[in-house]
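Read through the structure below, which is laid out as structure tokens, and then see the notes.
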Amino acid sequence: MRKTIDHAAVIGAGVMGATLAAHLANAGIRTLLLDIVPPEGTKIDADPATREYRDAFARSGLEKALKAKPAAFYTADKSRLISTGNIEDDIDKLKDVDWVLEAVTERLDIKHSLFDRIAPHLKDTAILSSNTSGLPIAELASVLSDSLKKRFLVTHFFNPPRYMYLLEIVPLAASHGSTDPEVLKHLVQFGEEVLGKGIVIAKDTPNFIANRIGIYSMVSALRAMLEGGYTIEEVDTLTGPVIGRPKSATFRTVDLVGLDTLVHASKTVYDRAVGDECRESFDLPEMIHKMAEKSLLGDKTGMGFYKKVKKDGKSEILTLDYNTFDYRSRERAKFPSLELIRNIDDTAERVGAILKGKDRAAEFLWRVLSETIVYSANRLGEITDDIVQIDRAMKWGFNWELGPFELWDAMGVEKVVARLEKEGREVPAVVTDVLGTESKRFYTEDEKFTQYHFVPGGTHSELPEREATINLGVLKKQNKVVKKNASSSLIDIGDGILCLEFHSKMNAIGADIIQMINAAVKETEQNYDGLVIGNQGTLFSAGANLMLLLLEAQEGNWEDIDVMIRAFQRANMALKYSKRPVVAAPFGMTLAGGCEVCLGAGHVYASAESYIGLVEVGVGLIPAAGGCKELLLRNLEGVPLVDGVDHFPYVRATFETIGMAKVATSAEEARGLRFLRTSDAITLNPDRLIYCARAMAKGLAEQGYRPPDPTVEVPVVGESGLGAIKTFLYTMKEAKYISEYDEYLGGELATVLCGGRVVAGTKRTEQHLLDLEREVFLRLCGQRKTQERIQHMLKKGRPLRN
């Protein structure tokens, strides 16, 4: 029988413990959140004998998680799955728990004392794990019974647990009692399938994998800055997106996680990794200790490497001058080599091009990247035996686009070795072994595009496929593309299912994609069982091509705009009424036209982190590819479409969602806004999204799928509803909540949603509503203030209120 975890407990309600409980609740797991009873004298406005006082720490942790930014919960009502208590009064409740996750203070004595207390109350199948970020699992387990040792592991979640994909699991080695392989397998499976995590198995070493290498890379950048006289801005420019790293780069990342965290993690390695050849690097420079003394810890103290201040009513970011410890205005980093690689999209190619340069940027990056990849290669056999585990840990835990061994390949193993030898630096043994292979690369592929990775001490081995995942890039290499154009591809993903992939800039929807939608429906109906719409970029779709629309509007090409809108409407209607099931697979930003595609598809398998919304009013427009019509129909689902039923509340709800440009902060919230139906599915693991969407499409096909009835007519609220909304808009304008142009936009939107100037109860077809959308959209495109709003959004990336 397959094991499951239905009920969990988190002990320790600090920031990490409370947000861990929140993520368990996000996954639908009933969770008990416990903390200690507040010590005597703690300032709590309650009688010490009451549960209000005794549960205060756990309750406070939950309250903070509910207020956390970014949000810890998908929706606030998920918190109902969490019950709070204290470790004295509620310890007996642990007998019903399948998994106890310890997240208390990083002190061995405190954790040991806790284990001693809770062990007698755990059932003999319960899993116990510690969320420690670096304490040795062997020492943690030393107080456990032999039976409990078999069910004990380290589960190191990254903060914040809702958003960070990596989960490092460290099993207890055989020499210290050995975690049961079945327990390990069960927790890995649960972590991937239910919690949506990318799992890396690490060895019991200081800071495990990701923090060991990530902290070293930060320290390397810090020392290179101090020794080379670089500014903080220069380092963050060079260690951010330009090399495939997050925008927070080095020092903004430190500010986010806290300088004290960097100091603690570095000290852990320095104290415990006594055999590390780079151990002295983790003895941080005096500058860092001075920052700590001055409480320049980052966001938690309001100032660190950067500081936000108010100046003339506006926010400004200042930068620390590490020589004087004063803050100054930010300075833009300028490097000739960066100008030359501006138009190179491929990260591996971009890194190679930078390193060919001779300026200070190239010198800095050569030092930091070469030190990082050499250090990573020297960790094989210590932190893990597998290069893939290291690369995944850095990509999933630190959001690097390329892991260290992928960087070796990007920089060119032979070229790096030659330069290392020229500089008199030692080459790791595993790198020498790689040079002895035919490909001279850590990763390679054969003529069938099967991927291989280098196994230390051996040769290349086939890269094992991750279960329940589909790699569109590999399928395209394997000639699975059925049709393609500049902005989209139609890919055979197996099981009789096609995938329509967008790959324009920001996956913006233009003529090529609209054309491919129609081609996809036709091809699917003729030769396949179903269609998935999805991609594996950084977002599903940011909407239609605004720049193209603005140019057409400024030129007065109204017929061209009309043709484009009609085509997009027809494409989305083709999706809705396809004879074969169509499943959209949104993730990340799914806005405007991207949202309309999902509404048209009719069936959705969404990533939990999907930010879905119809945001057209932000640029002075309304949804015109069926978004207004379809969201209205979604709100009316289940409501009798007959005389005598008041439909206005549902029209008003649709108006508020579109008129306020509401964007769901999660797929769960998208259900409440009706962008998703209750029948739509959600996965917490983004890497499984296309696989899950394929399974849904296949299942629908096997059930004898039939499209919806296209003849249904909708009774609209007409002039009475329009009058009510316009009265509301006038009141909002008079109270200075909205501008005069906002009032006008709202009235145009209301005209569509109310079905035009007709008698309430008049029945209208979908096409009638689509025609209204198109007419209003065209009218708005001709308005000067709308064109100003579009232009401002393109230039500034934020809405204009005019």
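Residues in the structure tokens are numbered from 1 in each chain, the chains being A, B, ... in the order shown, and ligands are numbered from 1 in the order shown.
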
- Message: To test your reading of the structure, identify every residue in region 233-376 of chain A that backbone DSSP assigns to alpha helix (DSSP H), and report it as a PyMOL selection string.
- Response: chain A and resi 233-238+251-257+259-272+286-293+336-340+347-355+360-376

- Query: When DSSP works through the backbone of this structure, what residues of region 115-338 of chain A end up as strand (DSSP E), shown as a VMD selection string?
  - Reply: chain A and resid 127 to 130 152 to 157 166 to 171 198 to 201 306 to 311 314 to 321 326 to 329

Which residues of region 649-756 of chain A sit at most 10 Å from region 26-33 of chain A, using only C-alpha atoms? Give each one's shortest atom pair and distance in Å (one decimal place), in chain and ascending residue order, as a tab-separated table.
residue	atom	partner	partner_atom	distance
A:Glu668	CA	A:Asn26	CA	9.1
A:Thr683	CA	A:Ala27	CA	9.3
A:Leu684	CA	A:Ala27	CA	7.6

Show me, as a PDB file with N, CA, C and O atoms, in the first residue's frame, the residues that have an atom within 12 Å of Gln767 (chain A) when counting only C-alpha atoms, minus same-chain residues fewer than 6 positions from it.
ATOM      1  N   ARG A 566     -10.582  40.305 -34.516  1.00  0.00           N
ATOM      2  CA  ARG A 566     -11.471  39.246 -34.998  1.00  0.00           C
ATOM      3  C   ARG A 566     -10.744  37.901 -35.054  1.00  0.00           C
ATOM      4  O   ARG A 566     -11.297  36.861 -34.682  1.00  0.00           O
ATOM      5  N   GLN A 569     -10.252  36.548 -31.538  1.00  0.00           N
ATOM      6  CA  GLN A 569     -11.533  36.048 -31.035  1.00  0.00           C
ATOM      7  C   GLN A 569     -11.871  34.688 -31.643  1.00  0.00           C
ATOM      8  O   GLN A 569     -12.280  33.757 -30.938  1.00  0.00           O
ATOM      9  N   ARG A 570     -11.711  34.579 -32.963  1.00  0.00           N
ATOM     10  CA  ARG A 570     -12.027  33.310 -33.634  1.00  0.00           C
ATOM     11  C   ARG A 570     -11.117  32.191 -33.132  1.00  0.00           C
ATOM     12  O   ARG A 570     -11.556  31.050 -32.954  1.00  0.00           O
ATOM     13  N   MET A 573     -12.339  31.071 -29.748  1.00  0.00           N
ATOM     14  CA  MET A 573     -13.580  30.308 -29.912  1.00  0.00           C
ATOM     15  C   MET A 573     -13.279  28.915 -30.477  1.00  0.00           C
ATOM     16  O   MET A 573     -13.942  27.929 -30.120  1.00  0.00           O
ATOM     17  N   ALA A 624     -10.522  41.961 -25.272  1.00  0.00           N
ATOM     18  CA  ALA A 624     -11.314  41.941 -26.505  1.00  0.00           C
ATOM     19  C   ALA A 624     -11.202  40.637 -27.272  1.00  0.00           C
ATOM     20  O   ALA A 624     -11.730  40.527 -28.369  1.00  0.00           O
ATOM     21  N   ALA A 625     -10.523  39.655 -26.711  1.00  0.00           N
ATOM     22  CA  ALA A 625     -10.427  38.362 -27.387  1.00  0.00           C
ATOM     23  C   ALA A 625     -11.320  37.329 -26.704  1.00  0.00           C
ATOM     24  O   ALA A 625     -11.026  36.143 -26.698  1.00  0.00           O
ATOM     25  N   GLY A 626     -12.401  37.828 -26.115  1.00  0.00           N
ATOM     26  CA  GLY A 626     -13.338  36.942 -25.433  1.00  0.00           C
ATOM     27  C   GLY A 626     -13.211  36.971 -23.932  1.00  0.00           C
ATOM     28  O   GLY A 626     -13.950  36.281 -23.232  1.00  0.00           O
ATOM     29  N   CYS A 628     -13.891  39.391 -21.632  1.00  0.00           N
ATOM     30  CA  CYS A 628     -15.083  39.915 -20.945  1.00  0.00           C
ATOM     31  C   CYS A 628     -16.207  38.883 -20.991  1.00  0.00           C
ATOM     32  O   CYS A 628     -16.823  38.556 -19.965  1.00  0.00           O
ATOM     33  N   LYS A 629     -16.467  38.403 -22.190  1.00  0.00           N
ATOM     34  CA  LYS A 629     -17.548  37.437 -22.392  1.00  0.00           C
ATOM     35  C   LYS A 629     -17.332  36.178 -21.570  1.00  0.00           C
ATOM     36  O   LYS A 629     -18.239  35.694 -20.874  1.00  0.00           O
ATOM     37  N   GLU A 630     -16.127  35.644 -21.605  1.00  0.00           N
ATOM     38  CA  GLU A 630     -15.888  34.347 -20.963  1.00  0.00           C
ATOM     39  C   GLU A 630     -15.897  34.460 -19.451  1.00  0.00           C
ATOM     40  O   GLU A 630     -16.426  33.577 -18.760  1.00  0.00           O
ATOM     41  N   PRO A 710     -22.782  25.310 -28.392  1.00  0.00           N
ATOM     42  CA  PRO A 710     -22.531  26.671 -28.875  1.00  0.00           C
ATOM     43  C   PRO A 710     -23.796  27.496 -29.073  1.00  0.00           C
ATOM     44  O   PRO A 710     -23.716  28.676 -29.429  1.00  0.00           O
ATOM     45  N   THR A 711     -24.959  26.909 -28.847  1.00  0.00           N
ATOM     46  CA  THR A 711     -26.205  27.629 -29.136  1.00  0.00           C
ATOM     47  C   THR A 711     -26.788  28.335 -27.921  1.00  0.00           C
ATOM     48  O   THR A 711     -27.814  29.012 -28.027  1.00  0.00           O
ATOM     49  N   VAL A 712     -26.159  28.172 -26.744  1.00  0.00           N
ATOM     50  CA  VAL A 712     -26.693  28.769 -25.516  1.00  0.00           C
ATOM     51  C   VAL A 712     -26.664  30.291 -25.614  1.00  0.00           C
ATOM     52  O   VAL A 712     -25.669  30.891 -26.028  1.00  0.00           O
ATOM     53  N   GLU A 713     -27.757  30.926 -25.223  1.00  0.00           N
ATOM     54  CA  GLU A 713     -27.834  32.384 -25.196  1.00  0.00           C
ATOM     55  C   GLU A 713     -27.890  32.867 -23.747  1.00  0.00           C
ATOM     56  O   GLU A 713     -28.415  32.169 -22.872  1.00  0.00           O
ATOM     57  N   VAL A 714     -27.373  34.063 -23.518  1.00  0.00           N
ATOM     58  CA  VAL A 714     -27.264  34.601 -22.163  1.00  0.00           C
ATOM     59  C   VAL A 714     -28.218  35.775 -21.989  1.00  0.00           C
ATOM     60  O   VAL A 714     -28.188  36.722 -22.785  1.00  0.00           O
ATOM     61  N   VAL A 752     -20.206  46.491 -22.359  1.00  0.00           N
ATOM     62  CA  VAL A 752     -20.002  45.126 -22.849  1.00  0.00           C
ATOM     63  C   VAL A 752     -20.639  44.107 -21.909  1.00  0.00           C
ATOM     64  O   VAL A 752     -21.404  43.230 -22.328  1.00  0.00           O
ATOM     65  N   GLY A 755     -24.333  43.835 -21.901  1.00  0.00           N
ATOM     66  CA  GLY A 755     -24.964  43.416 -23.153  1.00  0.00           C
ATOM     67  C   GLY A 755     -25.429  44.554 -24.024  1.00  0.00           C
ATOM     68  O   GLY A 755     -26.211  44.347 -24.954  1.00  0.00           O
ATOM     69  N   GLU A 773     -17.259  43.685 -27.454  1.00  0.00           N
ATOM     70  CA  GLU A 773     -15.858  43.784 -27.029  1.00  0.00           C
ATOM     71  C   GLU A 773     -15.023  44.475 -28.108  1.00  0.00           C
ATOM     72  O   GLU A 773     -14.232  45.380 -27.833  1.00  0.00           O
ATOM     73  N   ARG A 774     -15.181  43.995 -29.320  1.00  0.00           N
ATOM     74  CA  ARG A 774     -14.365  44.508 -30.428  1.00  0.00           C
ATOM     75  C   ARG A 774     -14.653  45.984 -30.699  1.00  0.00           C
ATOM     76  O   ARG A 774     -13.742  46.793 -30.888  1.00  0.00           O
TER      77      ARG A 774
END

- Determine the nearest neighbour of Ile354 (chain A) from the options A:Ala410, A:Leu184, A:Val617, A:Ala486, counting only C-alpha atoms.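 That would be A:Ala410, the residue with the smallest distance to Ile354 (chain A).
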
- Message: Can you tell me which residues surround Gly473 (chain A) at a distance of at most 12 Å, considering only C-alpha atoms, apart from same-chain residues fewer than 3 positions away, and format the answer as a ChimeraX atom specification?
- Response: /A:449-451,470,476-481,489,491-493,501,503,535-537

Generate a file of the selected residues that holds all heavy atoms, formatted as a short mmCIF file (atom, residue, chain, number, x, y, z; two decimals), in the first residue's frame.
data_model
loop_
_atom_site.label_atom_id
_atom_site.label_comp_id
_atom_site.auth_asym_id
_atom_site.auth_seq_id
_atom_site.Cartn_x
_atom_site.Cartn_y
_atom_site.Cartn_z
N PHE A 449 19.87 12.56 -29.34
CA PHE A 449 19.70 13.63 -28.36
C PHE A 449 19.39 13.09 -26.97
O PHE A 449 18.80 13.77 -26.14
CB PHE A 449 18.61 14.61 -28.81
CG PHE A 449 18.91 15.26 -30.13
CD1 PHE A 449 18.24 14.84 -31.27
CD2 PHE A 449 19.87 16.25 -30.23
CE1 PHE A 449 18.53 15.42 -32.50
CE2 PHE A 449 20.15 16.83 -31.45
CZ PHE A 449 19.49 16.42 -32.59
N THR A 450 19.79 11.84 -26.72
CA THR A 450 19.74 11.31 -25.35
C THR A 450 20.85 12.00 -24.56
O THR A 450 21.99 12.09 -25.03
CB THR A 450 19.95 9.79 -25.35
OG1 THR A 450 18.93 9.20 -26.15
CG2 THR A 450 19.88 9.24 -23.94
N GLN A 451 20.54 12.47 -23.37
CA GLN A 451 21.50 13.25 -22.59
C GLN A 451 22.29 12.37 -21.63
O GLN A 451 21.75 11.42 -21.06
CB GLN A 451 20.77 14.36 -21.82
CG GLN A 451 20.10 15.38 -22.74
CD GLN A 451 19.35 16.45 -21.96
OE1 GLN A 451 18.53 16.14 -21.10
NE2 GLN A 451 19.63 17.70 -22.26
N ILE A 470 8.08 16.31 -18.63
CA ILE A 470 8.26 16.34 -20.08
C ILE A 470 9.15 17.53 -20.39
O ILE A 470 8.90 18.64 -19.92
CB ILE A 470 6.90 16.48 -20.80
CG1 ILE A 470 6.07 15.21 -20.64
CG2 ILE A 470 7.11 16.79 -22.28
CD1 ILE A 470 4.65 15.34 -21.19
N LYS A 476 11.89 18.83 -29.03
CA LYS A 476 12.11 19.60 -30.26
C LYS A 476 13.39 19.14 -30.95
O LYS A 476 13.44 19.04 -32.18
CB LYS A 476 12.17 21.10 -29.95
CG LYS A 476 10.80 21.68 -29.61
CD LYS A 476 10.76 23.18 -29.66
CE LYS A 476 11.43 23.81 -28.48
NZ LYS A 476 11.22 25.29 -28.46
N LYS A 477 14.41 18.83 -30.16
CA LYS A 477 15.65 18.31 -30.75
C LYS A 477 15.43 16.95 -31.40
O LYS A 477 16.10 16.59 -32.36
CB LYS A 477 16.72 18.17 -29.67
CG LYS A 477 17.33 19.50 -29.21
CD LYS A 477 18.40 19.23 -28.17
CE LYS A 477 19.07 20.51 -27.70
NZ LYS A 477 20.12 20.25 -26.69
N GLN A 478 14.48 16.20 -30.86
CA GLN A 478 14.19 14.86 -31.37
C GLN A 478 13.19 14.87 -32.53
O GLN A 478 12.58 13.86 -32.84
CB GLN A 478 13.67 13.98 -30.23
CG GLN A 478 14.70 13.72 -29.14
CD GLN A 478 14.14 12.99 -27.94
OE1 GLN A 478 12.92 12.94 -27.73
NE2 GLN A 478 15.01 12.42 -27.12
N ASN A 479 13.06 16.04 -33.14
CA ASN A 479 12.21 16.18 -34.34
C ASN A 479 10.74 15.86 -34.08
O ASN A 479 10.06 15.28 -34.92
CB ASN A 479 12.73 15.31 -35.49
CG ASN A 479 14.13 15.71 -35.93
OD1 ASN A 479 14.42 16.91 -36.04
ND2 ASN A 479 14.99 14.74 -36.14
N LYS A 480 10.25 16.25 -32.89
CA LYS A 480 8.84 16.04 -32.56
C LYS A 480 7.99 17.26 -32.90
O LYS A 480 6.81 17.30 -32.56
CB LYS A 480 8.71 15.72 -31.07
CG LYS A 480 9.43 14.45 -30.62
CD LYS A 480 8.83 13.21 -31.25
CE LYS A 480 9.50 11.95 -30.72
NZ LYS A 480 8.93 10.72 -31.32
N VAL A 481 8.59 18.24 -33.58
CA VAL A 481 7.84 19.44 -33.96
C VAL A 481 7.00 19.14 -35.20
O VAL A 481 7.53 18.71 -36.24
CB VAL A 481 8.79 20.63 -34.23
CG1 VAL A 481 7.99 21.84 -34.73
CG2 VAL A 481 9.57 20.98 -32.97
N SER A 489 5.43 26.89 -31.62
CA SER A 489 5.69 25.56 -32.17
C SER A 489 4.59 24.61 -31.74
O SER A 489 4.02 24.76 -30.64
CB SER A 489 7.04 25.01 -31.69
OG SER A 489 8.11 25.82 -32.12
N ILE A 491 4.15 20.72 -30.93
CA ILE A 491 5.03 19.61 -30.61
C ILE A 491 4.23 18.38 -30.23
O ILE A 491 3.28 18.46 -29.44
CB ILE A 491 5.97 20.00 -29.44
CG1 ILE A 491 6.69 21.32 -29.74
CG2 ILE A 491 6.98 18.89 -29.16
CD1 ILE A 491 7.30 21.95 -28.49
N ASP A 492 4.62 17.24 -30.76
CA ASP A 492 4.02 15.96 -30.37
C ASP A 492 4.66 15.53 -29.05
O ASP A 492 5.85 15.20 -28.99
CB ASP A 492 4.30 14.92 -31.46
CG ASP A 492 3.60 13.58 -31.19
OD1 ASP A 492 3.30 13.29 -30.02
OD2 ASP A 492 3.39 12.82 -32.15
N ILE A 493 3.88 15.54 -27.95
CA ILE A 493 4.44 15.21 -26.64
C ILE A 493 4.06 13.80 -26.19
O ILE A 493 4.24 13.43 -25.03
CB ILE A 493 4.01 16.25 -25.56
CG1 ILE A 493 2.49 16.36 -25.46
CG2 ILE A 493 4.64 17.60 -25.85
CD1 ILE A 493 2.02 17.27 -24.32
N GLU A 501 3.31 25.49 -28.05
CA GLU A 501 4.29 26.23 -27.24
C GLU A 501 4.46 27.64 -27.80
O GLU A 501 4.69 27.83 -28.99
CB GLU A 501 5.64 25.50 -27.27
CG GLU A 501 6.73 26.24 -26.52
CD GLU A 501 8.14 25.80 -26.93
OE1 GLU A 501 8.34 25.52 -28.13
OE2 GLU A 501 9.02 25.75 -26.06
N HIS A 503 6.84 30.97 -27.92
CA HIS A 503 8.24 31.33 -27.63
C HIS A 503 8.61 32.68 -28.24
O HIS A 503 9.75 32.90 -28.64
CB HIS A 503 9.21 30.23 -28.09
CG HIS A 503 8.95 29.65 -29.44
ND1 HIS A 503 9.16 30.35 -30.61
CD2 HIS A 503 8.49 28.43 -29.81
CE1 HIS A 503 8.86 29.58 -31.64
NE2 HIS A 503 8.44 28.40 -31.19
N ASN A 535 4.26 26.17 -22.13
CA ASN A 535 5.67 26.32 -22.49
C ASN A 535 6.52 26.16 -21.25
O ASN A 535 5.99 26.00 -20.14
CB ASN A 535 5.91 27.68 -23.17
CG ASN A 535 5.70 28.85 -22.22
OD1 ASN A 535 6.56 29.19 -21.41
ND2 ASN A 535 4.52 29.49 -22.31
N GLN A 536 7.82 26.20 -21.41
CA GLN A 536 8.73 26.04 -20.27
C GLN A 536 9.71 27.20 -20.21
O GLN A 536 10.89 27.04 -19.94
CB GLN A 536 9.44 24.68 -20.35
CG GLN A 536 8.45 23.53 -20.14
CD GLN A 536 9.02 22.15 -20.35
OE1 GLN A 536 9.90 21.94 -21.18
NE2 GLN A 536 8.49 21.17 -19.61
N GLY A 537 9.18 28.40 -20.46
CA GLY A 537 9.96 29.62 -20.33
C GLY A 537 9.85 30.17 -18.92
O GLY A 537 9.68 29.44 -17.95
#

- Task: With a distance cut-off of 10 Å and only C-alpha atoms, select the neighbouring residues of Ser488 (chain A), excluding the residue or stretch itself and same-chain residues fewer than 3 positions from it, and output the selection as a ChimeraX atom specification.
- Result: /A:483-485,491,500-504,507,509,512-517,535
